[in-house]
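Engineer: For reference, the structure I am asking about is given below.
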Amino acid sequence: MKLTIHGAARQVTGSMHLLEIGQYKILIDCGLDYEKDRSIQSNEDFPFDPAAIDVVVLTHAHIDHSGNIPTLVRLGFAGQILCTPPTADLTELLLLDSVNIFMSKAAKSHKHGKGKFGTNVQPLYLQKHVMDAMDRFVTIGFNKPFRITGDVELTFVPVGHLLGAAAAVFKINDGGVEKTMAFTGDIGRKNYPVLDDPQALPPVDFLVTESTYGGRVHTADKSVEETLVDVIDKCCVKEQGRLIIPAFSIGRTQSLVYSLNKIFSSGLLPPVKVFVDSPMAARATTIFRKYHNLVNKEAQDFYQSQGDEFEFDNLTYVENLHDSRQVSNYYEPCIIISSAGMLEGGRIQDHLFYNIQNFYCTILFIGYCAKGTLGHRLLRGDSIVHIKDRDLAVYATIKQTDVLSAHGDHDDLMNNVRTQDKARLKNIFLVHGEDSSMQALADGLSAEGYTVTIPEKGLSYTL
Ligand SMILES: [Zn+2]
């Protein structure tokens with residue numbers, strides 16, 4: 001059999017791996033590549049014929065793993081897309097949001113005559129294509145072996161990270177020889193609010209693992225709740241100011257809301273008004289409620305004793321734009337959770353516009369901010385930033401924490417490999433990481449005697 005890493009090779013986004021067993025072609029993930037130099041349109045250039053793919057296996061809903069599926073379907077893929085039930089629901093939500101982003105970019109480019117690259121920007125796909133793709137989804141529960149063909153069996157193993165996220169573990173009959181292989185997708189962390197800990201994978205011959213945090217270790221001196229209590233106590237209780245938390249609507253926001261619920265219901269802090277200002281976050285929370293049996297035991301126990309973990313007295317989900325603007329007129333201390341996490345677009349822009357010059361405002365970053373984003377400029381300490389066509393001085397306090405990072409760190413990635421049977425594991429392929437992260441993880445694993453490959457994009461490896 002043959003493995004080709006077509007995306008997320010020496011980079012983070014655009015996960016897309018082709019596994020060929022004889023003539024049978026399995027595509028593991030089909031994500032949007034944000035790092036393509038020309039434009040999002042270049043995601044159309046698949047390095048294979050989409051119609052020749054037999055089946056797609058999707059590890060989780062994040063757009064860098066799922067976001068190019070509608071393009072694949074639009075260009076001729078006609079097979080099934082296999083994933084867990086929450087992944088199917090969350091993917092639909094995220095893909096429809098992608099369409100909105102494409103449409104607004106297209107509208108802007110038409111308004112200004114030309115797009116960034118000299119041509120009018122066309123949406124990569126439309127709602128119709130998302131629906132065509134959703135028709136192909138077939139869901140499989142965690143830890144339930146599923147026979148894709150007579151020769152290929154697939155099992156989804158939970159990896160934390162996001163509701164529904166799974167490693168894809170294959171048992172393959174390759175011309176009479178049994179081979180096993182696992183693709184980790186993205187690996188989460190232990191003790192993450194709402195989500196279960198990643199489960200150890202069964203022993204395999206070949207492992208394709210993510211490497212986002214290779215060489216980096218998360219700070220571990222304080223828990224999520226301790227960190228939030230410290231920030232809220234200073235900003236909202238002592239200084240009577242407002243706290244703005246830019247957060248990804250799906251996953252991060254639900255973990256944050258649950259942590260705040262625990263803090264306020266246990267009386268660790270006096271009640272502070274909390275606004276969740278993101279329509280997508282409200283919809284995603286409904287999906288989290290639907291799969292209540294898949295949240296971790298602590299969250300389930302909380303539900304039993306205290307009720308809905310995503311609702312509390314001083315919490316408001318802001319639905320429409322009018323109500324969102326009213327949040328700016330709320331003069332009591334408050335916490336505003338809004339998207340997008342890197343501050344590029346979304347309702348968070350309004351909140352920043354009205355609060356960035358407020359000495360009594362703190363902006364707490366809980367996620368990664370890519371270079372070139374407003375979030376990145378604030379984090380590097382720019383004293384003036386450009387928001388909504390105005391240059392504004394930054395008087396708000398800027399803070400960052402990694403306690404809510406949804407990726408395991410270097411030690412977690414190492415430990416995940418260490419649960420494997422070393423004598424059996426023939427090769428570890430590193431994907432989904434910057435060059436330096438991959439190298440650091442490769443060095444760590446090689447030092448312990450593992451065989452590691454940092455694959456070249458598009459190069460096929462015979463296994
Ligand atoms: Zn992910």
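Chains: A, B, ... in order of the structure tokens. Residues: from 1 per chain. Ligands: from 1, in order shown.
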Report as a tab-separated table: every residue of chain A with an atom at most 7 Å from ligand 1, its closest pair of atoms, and their distance in Å to one decimal, counting only C-alpha atoms and all ligand atoms, with rows sorted by chain and ascending residue number.
Structural biologist:
```
residue	atom	partner	partner_atom_place_in_ligand_line	distance
A:His60	CA	ligand 1	1 (Zn)	6.7
A:His62	CA	ligand 1	1 (Zn)	5.0
A:His161	CA	ligand 1	1 (Zn)	6.7
A:Asp186	CA	ligand 1	1 (Zn)	5.1
```
Engineer: What's around A:Leu19 at 6 Å? Count only C-alpha atoms, leave out sequence neighbours fewer than 4 positions away in its own chain, and write the answer as a CSV table (one decimal) with C-alpha atoms, in the first residue's frame.
Structural biologist:
```csv
chain,number,residue,atom,x,y,z
A,2,LYS,CA,1.0,3.6,-0.6
A,3,LEU,CA,0.7,6.8,1.5
A,25,LYS,CA,-8.2,5.0,-2.7
A,26,ILE,CA,-9.0,6.5,0.7
```
Engineer: Quick one: residues within 12 Å of stretch 298-303 of chain A, only C-alpha atoms, excluding same-chain residues fewer than 6 positions away - as an MDAnalysis selection string?
Structural biologist: chainID A and resid 191:197 254:255 257:259 261:262 265:266 288:289 291:292 309:312
Engineer: Please, which residues of stretch 30-204 of chain A, numbered as in this document, come out alpha helix (DSSP H) from DSSP, as number ranges by chain?
Structural biologist: A: 63-66, 69-74, 85-111, 127-134
Engineer: List every residue of stretch 111-267 of chain A that DSSP, applied to the backbone of this structure, assigns to strand (DSSP E or B), and report them as a ChimeraX atom specification.
Structural biologist: /A:137-139,146-149,152-158,166-174,177-183,206-210,242-246
Engineer: Using only C-alpha atoms, what does the table of stretch 169-272 of chain A residues within 7 Å of stretch 359-375 of chain A look like, with each row giving the shortest atom pair and its distance in Å to one decimal, sorted by chain and ascending number, as JSON lines?
Structural biologist:
```
{"residue": "A:Cys235", "atom": "CA", "partner": "A:Thr362", "partner_atom": "CA", "distance": 6.6}
{"residue": "A:Glu239", "atom": "CA", "partner": "A:Tyr360", "partner_atom": "CA", "distance": 6.8}
{"residue": "A:Gly241", "atom": "CA", "partner": "A:Tyr360", "partner_atom": "CA", "distance": 4.6}
{"residue": "A:Arg242", "atom": "CA", "partner": "A:Cys361", "partner_atom": "CA", "distance": 4.9}
{"residue": "A:Leu243", "atom": "CA", "partner": "A:Thr362", "partner_atom": "CA", "distance": 4.9}
{"residue": "A:Ile244", "atom": "CA", "partner": "A:Ile363", "partner_atom": "CA", "distance": 4.8}
{"residue": "A:Ile245", "atom": "CA", "partner": "A:Leu364", "partner_atom": "CA", "distance": 5.0}
{"residue": "A:Pro246", "atom": "CA", "partner": "A:Phe365", "partner_atom": "CA", "distance": 6.2}
{"residue": "A:Ala247", "atom": "CA", "partner": "A:Ile366", "partner_atom": "CA", "distance": 6.9}
```
Engineer: Do you know which residues are at most 10 Å from A:Phe46 counting only C-alpha atoms, after dropping those on the same chain fewer than 5 positions away, and could you put them as a PyMOL selection string?
Structural biologist: chain A and resi 6+68+71-72+75
Engineer: Out of A:Gly408, A:Pro50, A:Pro270, A:Pro85, which residue has the shortest atom-to-atom distance to A:Arg189 when counting only C-alpha atoms?
Structural biologist: A:Gly408
Engineer: Which residues are near stretch 203-210 of chain A? Cut-off 7 Å, only C-alpha atoms, ignore same chain within fewer than 6 positions. Put them as a ChimeraX atom specification.
Structural biologist: /A:179-186,420-421,424-433
Engineer: Just the number, please: distance in Å from atom CA of A:Ala8 to atom CA of A:Gly458, one decimal.
Structural biologist: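 Distance reported for this atom pair: 10.6 Å.
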Engineer: Would you mind listing, for every residue of stretch 184-284 of chain A within 10 Å of stretch 338-353 of chain A, the two atoms forming the shortest contact and the distance between them in Å to one decimal, using only C-alpha atoms, sorted by chain and ascending residue number, as a Markdown table?
Structural biologist:
```
| residue | atom | partner | partner_atom | distance |
| --- | --- | --- | --- | --- |
| A:Ile244 | CA | A:Ser338 | CA | 7.7 |
| A:Ile245 | CA | A:Ser338 | CA | 6.5 |
| A:Pro246 | CA | A:Gly341 | CA | 4.6 |
| A:Ala247 | CA | A:Gly341 | CA | 4.3 |
| A:Phe248 | CA | A:Gly341 | CA | 5.0 |
| A:Ser249 | CA | A:Ser339 | CA | 6.1 |
| A:Ile250 | CA | A:Ser339 | CA | 9.7 |
| A:Arg252 | CA | A:Gly341 | CA | 9.3 |
| A:Thr253 | CA | A:Ser338 | CA | 8.3 |
| A:Phe275 | CA | A:Ser338 | CA | 8.2 |
| A:Val276 | CA | A:Ser338 | CA | 6.0 |
| A:Asp277 | CA | A:Ser338 | CA | 4.9 |
| A:Ser278 | CA | A:Ser338 | CA | 5.7 |
| A:Pro279 | CA | A:Ser338 | CA | 9.5 |
| A:Met280 | CA | A:Ser339 | CA | 8.9 |
| A:Ala281 | CA | A:Ser339 | CA | 8.5 |
```
Engineer: When you draw a straight line from atom CA of A:Lys190 to atom CA of A:Gly160, how long is it in Å?
Structural biologist: 7.9 Å
Engineer: Could you tell me which of A:Ile356, A:Val272, A:Ser305, A:Asp402 comes closest to A:Ser223 if we count only C-alpha atoms?
Structural biologist: A:Asp402
Engineer: Quick one: of A:Gln41, A:Thr227, A:Thr155, A:Asn173, who's nearest to A:Lys399, counting only C-alpha atoms?
Structural biologist: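 Of all the options, A:Thr227 lies closest to A:Lys399.
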